[in-house]
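Here is my_file-v7.pdb, consisting of PDB, C-alpha atoms:
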```
ATOM      1  CA  MET A 346     135.642  56.710 151.379
ATOM      2  CA  SER A 347     136.341  59.862 153.344
ATOM      3  CA  ILE A 348     136.566  63.350 151.969
ATOM      4  CA  LYS A 349     139.819  65.129 152.699
ATOM      5  CA  SER A 350     140.097  68.841 153.009
ATOM      6  CA  ILE A 351     143.144  70.947 152.478
ATOM      7  CA  GLN A 352     143.923  74.420 153.694
ATOM      8  CA  ILE A 353     145.523  76.880 151.324
ATOM      9  CA  PRO A 354     147.028  80.164 152.532
ATOM     10  CA  ASN A 355     144.519  83.016 152.210
ATOM     11  CA  HIS A 356     146.636  85.111 149.857
ATOM     12  CA  ILE A 357     146.848  82.240 147.350
ATOM     13  CA  PHE A 358     143.272  80.991 147.657
ATOM     14  CA  LEU A 359     141.568  84.379 147.667
ATOM     15  CA  GLU A 360     143.553  85.685 144.705
ATOM     16  CA  GLU A 361     142.311  82.650 142.779
ATOM     17  CA  VAL A 362     138.775  83.474 143.958
ATOM     18  CA  ARG A 363     139.313  87.005 142.612
ATOM     19  CA  ARG A 364     140.415  85.628 139.220
ATOM     20  CA  GLN A 365     137.430  83.284 139.012
ATOM     21  CA  LEU A 366     134.961  86.047 139.910
ATOM     22  CA  GLN A 367     136.528  88.407 137.365
ATOM     23  CA  ALA A 368     136.078  85.654 134.758
ATOM     24  CA  GLY A 369     132.337  85.632 135.484
ATOM     25  CA  HIS A 370     132.185  82.565 137.725
ATOM     26  CA  THR A 371     130.848  82.306 141.271
ATOM     27  CA  ALA A 372     132.811  81.065 144.266
ATOM     28  CA  THR A 373     131.569  79.133 147.284
ATOM     29  CA  PHE A 374     133.728  78.303 150.279
ATOM     30  CA  ARG A 375     133.572  77.766 154.022
ATOM     31  CA  VAL A 376     134.154  80.830 156.130
ATOM     32  CA  ARG A 377     137.108  80.930 158.485
ATOM     33  CA  GLY A 378     137.155  83.059 161.579
ATOM     34  CA  TRP A 379     134.587  84.286 164.071
ATOM     35  CA  SER A 380     134.157  87.910 163.036
ATOM     36  CA  MET A 381     130.757  87.323 161.408
ATOM     37  CA  ARG A 382     129.233  85.538 164.377
ATOM     38  CA  PRO A 383     126.546  84.854 165.406
ATOM     39  CA  PHE A 384     125.211  84.206 161.926
ATOM     40  CA  LEU A 385     128.240  82.745 160.174
ATOM     41  CA  GLU A 386     130.198  80.128 162.090
ATOM     42  CA  HIS A 387     133.863  79.306 161.573
ATOM     43  CA  ALA A 388     134.509  76.188 159.444
ATOM     44  CA  ARG A 389     130.804  75.330 159.217
ATOM     45  CA  ASP A 390     128.964  77.898 157.097
ATOM     46  CA  LYS A 391     129.603  78.775 153.460
ATOM     47  CA  VAL A 392     129.393  81.976 151.461
ATOM     48  CA  LEU A 393     128.433  82.218 147.779
ATOM     49  CA  LEU A 394     130.232  85.148 146.146
ATOM     50  CA  VAL A 395     129.728  86.915 142.835
ATOM     51  CA  SER A 396     131.738  89.634 141.149
ATOM     52  CA  PRO A 397     131.140  93.227 142.289
ATOM     53  CA  HIS A 398     130.313  93.869 138.609
ATOM     54  CA  LYS A 399     127.320  91.496 138.871
ATOM     55  CA  ARG A 400     126.177  92.661 142.311
ATOM     56  CA  PRO A 401     127.242  96.208 143.162
ATOM     57  CA  VAL A 402     128.657  96.965 146.574
ATOM     58  CA  ARG A 403     126.063  98.692 148.749
ATOM     59  CA  VAL A 404     125.775  99.622 152.392
ATOM     60  CA  GLY A 405     124.508  96.548 154.233
ATOM     61  CA  CYS A 406     125.953  93.950 151.861
ATOM     62  CA  VAL A 407     128.620  91.462 152.886
ATOM     63  CA  ALA A 408     131.794  91.702 150.819
ATOM     64  CA  LEU A 409     135.122  89.934 150.591
ATOM     65  CA  VAL A 410     137.846  92.574 150.398
ATOM     66  CA  LEU A 411     141.560  93.069 150.678
ATOM     67  CA  ALA A 412     141.521  95.667 153.440
ATOM     68  CA  ASP A 413     143.894  98.617 153.507
ATOM     69  CA  ASP A 414     145.865  96.888 156.294
ATOM     70  CA  GLY A 415     146.609  93.928 153.972
ATOM     71  CA  ARG A 416     144.180  91.401 155.503
ATOM     72  CA  TYR A 417     141.417  89.636 153.623
ATOM     73  CA  VAL A 418     138.083  90.052 155.377
ATOM     74  CA  LEU A 419     134.501  89.010 154.736
ATOM     75  CA  HIS A 420     132.541  91.724 156.527
ATOM     76  CA  ARG A 421     129.460  93.885 156.184
ATOM     77  CA  VAL A 422     129.803  97.216 154.374
ATOM     78  CA  ILE A 423     128.634  99.957 156.742
ATOM     79  CA  ALA A 424     129.594 103.040 154.715
ATOM     80  CA  ILE A 425     130.744 104.050 151.236
ATOM     81  CA  ASP A 426     132.266 107.460 150.610
ATOM     82  CA  GLY A 427     132.021 109.558 147.437
ATOM     83  CA  ALA A 428     135.101 107.902 145.909
ATOM     84  CA  GLY A 429     133.636 104.432 146.480
ATOM     85  CA  ASN A 430     135.928 103.570 149.402
ATOM     86  CA  CYS A 431     134.239 101.126 151.761
ATOM     87  CA  THR A 432     134.170 100.913 155.532
ATOM     88  CA  LEU A 433     133.428  97.398 156.785
ATOM     89  CA  TRP A 434     132.552  95.920 160.156
ATOM     90  CA  GLY A 435     132.307  92.259 161.082
ATOM     91  CA  ASP A 436     128.923  91.285 162.557
ATOM     92  CA  GLY A 437     130.692  89.581 165.465
ATOM     93  CA  ASN A 438     132.944  92.531 166.245
ATOM     94  CA  VAL A 439     132.185  95.157 168.843
ATOM     95  CA  ILE A 440     135.080  97.386 167.838
ATOM     96  CA  GLY A 441     137.369  97.578 164.834
ATOM     97  CA  ARG A 442     136.565  98.616 161.317
ATOM     98  CA  GLU A 443     138.331  97.975 158.024
ATOM     99  CA  THR A 444     138.520 100.138 154.939
ATOM    100  CA  CYS A 445     139.278  99.358 151.310
ATOM    101  CA  THR A 446     139.298 100.978 147.917
ATOM    102  CA  PRO A 447     136.782  99.912 145.245
ATOM    103  CA  GLU A 448     139.571  98.039 143.406
ATOM    104  CA  ASN A 449     140.135  95.825 146.451
ATOM    105  CA  VAL A 450     136.579  94.505 146.609
ATOM    106  CA  ILE A 451     137.003  90.907 145.524
ATOM    107  CA  GLY A 452     133.425  89.684 145.702
ATOM    108  CA  VAL A 453     129.973  90.384 147.069
ATOM    109  CA  ALA A 454     127.830  87.802 148.850
ATOM    110  CA  GLN A 455     124.888  86.420 146.889
ATOM    111  CA  GLY A 456     123.905  83.976 149.607
ATOM    112  CA  PHE A 457     124.946  81.792 152.511
ATOM    113  CA  TYR A 458     124.719  78.085 153.342
ATOM    114  CA  ILE A 459     124.174  77.995 157.088
ATOM    115  CA  GLY A 460     124.206  75.150 159.567
ATOM    116  CA  ARG A 461     125.023  71.491 159.308
ATOM    117  CA  LYS A 462     122.164  71.019 156.841
ATOM    118  CA  GLU A 463     123.499  73.943 154.791
ATOM    119  CA  ARG A 464     120.202  75.797 154.563
ATOM    120  CA  TYR A 465     120.505  78.434 151.843
ATOM    121  CA  PHE A 466     119.755  82.093 152.552
ATOM    122  CA  ASP A 467     119.747  84.434 149.564
ATOM    123  CA  VAL A 468     120.783  87.986 150.416
ATOM    124  CA  ASP A 469     117.674  89.268 148.619
ATOM    125  CA  GLY A 470     115.430  86.993 150.672
ATOM    126  CA  ARG A 471     113.204  88.186 153.459
ATOM    127  CA  VAL A 472     115.072  86.403 156.262
ATOM    128  CA  TRP A 473     118.508  87.724 155.383
ATOM    129  CA  ARG A 474     117.264  91.254 154.677
ATOM    130  CA  GLY A 475     115.450  91.275 158.023
ATOM    131  CA  TYR A 476     118.494  90.049 159.901
ATOM    132  CA  SER A 477     120.718  92.600 158.134
ATOM    133  CA  TRP A 478     118.400  95.459 158.932
ATOM    134  CA  PHE A 479     118.118  94.396 162.581
ATOM    135  CA  TRP A 480     121.864  93.900 163.044
ATOM    136  CA  MET A 481     122.792  97.243 161.460
ATOM    137  CA  HIS A 482     120.181  99.177 163.428
ATOM    138  CA  THR A 483     120.974  97.685 166.830
ATOM    139  CA  ALA A 484     124.751  98.262 166.779
ATOM    140  CA  PRO A 485     124.811  99.898 170.261
ATOM    141  CA  LEU A 486     123.326  96.687 171.706
ATOM    142  CA  ARG A 487     125.639  94.358 169.780
ATOM    143  CA  ARG A 488     127.936  93.618 172.719
ATOM    144  CA  PHE A 489     124.971  92.330 174.754
ATOM    145  CA  PHE A 490     123.630  90.164 171.921
ATOM    146  CA  LEU A 491     127.090  88.681 171.371
ATOM    147  CA  LEU A 492     127.569  88.019 175.099
ATOM    148  CA  PHE A 493     124.214  86.229 175.233
ATOM    149  CA  TYR A 494     125.180  84.190 172.161
ATOM    150  CA  ARG A 495     128.549  83.172 173.643
ATOM    151  CA  ILE A 496     126.970  82.125 176.926
ATOM    152  CA  CYS A 497     124.380  80.017 175.113
ATOM    153  CA  ALA A 498     127.075  78.450 172.919
ATOM    154  CA  LYS A 499     129.140  77.489 175.988
ATOM    155  CA  LEU A 500     126.056  75.890 177.527
ATOM    156  CA  GLY A 501     125.435  73.953 174.325
ATOM    157  CA  LEU A 502     122.191  75.786 173.544
ATOM    158  CA  ASP A 503     121.346  76.575 169.923
ATOM    159  CA  VAL A 504     119.831  80.054 169.887
ATOM    160  CA  ARG A 505     119.350  80.255 166.136
TER     161      ARG A 505
END
```

How does this structure look as structure tokens?
Amino acid sequence: MSIKSIQIPNHIFLEEVRRQLQAGHTATFRVRGWSMRPFLEHARDKVLLVSPHKRPVRVGCVALVLADDGRYVLHRVIAIDGAGNCTLWGDGNVIGRETCTPENVIGVAQGFYIGRKERYFDVDGRVWRGYSWFWMHTAPLRRFFLLFYRICAKLGLDVR
């Protein structure tokens, strides 16, 4: 017996995720896209989300939002202004930021299932906090880290 997967358009799927989180449930799904590389890989890794009422949005956390430009993104919060508006930046992006209002924060990451063995990393755990601190404090070097990662990936080397 094989397991089939289906793809649902983001606007339908993520609005259902929003409803489930607002009802007090959690949501776990595979990430799509490469903007959170090198630590979250497209179609392989999973994110566990909770409501922003259960886990407040803070600088450094990873949040699923409906950005002001109308796209859904799962990116790291890098700034919050006095009105609660968030600025986000994907870990795998060198340029480009997104913004959203507090009402458009759909969920906040509680943890991640990474790799083929789906090893769980809680966002309050030492490993994830260390990675987050490192990645946020080495932003000027990000382009070099990402280049190194891409070269290793093309050569079939696992650098994680």

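With distances taken from (140.7, 83.6, 141.9) and restricted to only C-alpha atoms, the residues inside 12 Å are Asn355, His356, Ile357, Phe358, Leu359, Glu360, Glu361, Val362, Arg363, Arg364, Gln365, Leu366, Gln367, Ala368, Gly369, His370, Thr371, Ala372, Thr373, Leu394, Val395, Ser396, Ile451 and Gly452 of chain A.
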
Practice prompt. Report as number ranges by chain the residues that result from applying the PyMOL selection byres ((chain A and resi 439) around 8) to the structure here.
Written response: A: 437-438, 440-441, 487-488

Quick one: write out the picked residues with C-alpha atoms as a PDB file, in the coordinates of the input?
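As written to disk, out.pdb reads:
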```pdb
ATOM      1  CA  GLY A 437     130.692  89.581 165.465  1.00  0.00           C
ATOM      2  CA  ASN A 438     132.944  92.531 166.245  1.00  0.00           C
ATOM      3  CA  ILE A 440     135.080  97.386 167.838  1.00  0.00           C
ATOM      4  CA  GLY A 441     137.369  97.578 164.834  1.00  0.00           C
ATOM      5  CA  ARG A 487     125.639  94.358 169.780  1.00  0.00           C
ATOM      6  CA  ARG A 488     127.936  93.618 172.719  1.00  0.00           C
TER       7      ARG A 488
END
```

Worksheet item: Hey, what's within 10 Å of Val407 of chain A if we count only C-alpha atoms and toss same-chain stuff fewer than 6 positions away? As a VMD selection string, please?
Response: chain A and resid 381 392 394 418 to 423 433 to 436 452 to 456 468 477

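Separating atom CA of Ala424 of chain A from atom CA of Arg474 of chain A is a distance of 17.1 Å.
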
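Comparing the minimum interatomic distances between Asp503 of chain A and each of A:Val376, A:Pro383, A:Ala388, A:Glu448, counting all atoms listed in the file, we find that A:Pro383 sits nearest.
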
Worksheet entry | Point-to-point distance from atom CA of Cys431 of chain A to atom CA of Gly415 of chain A, Å rounded to tenths |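 We find that atom CA of Cys431 of chain A and atom CA of Gly415 of chain A lie 14.5 Å from each other.
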
Worksheet item: Given the choices A:Arg382, A:Arg375, A:Arg495, A:Arg442, which gets closest to Asp414 of chain A if the distance is worked out from only C-alpha atoms?
Response: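 Among the listed residues, the smallest separation from Asp414 of chain A belongs to A:Arg442.
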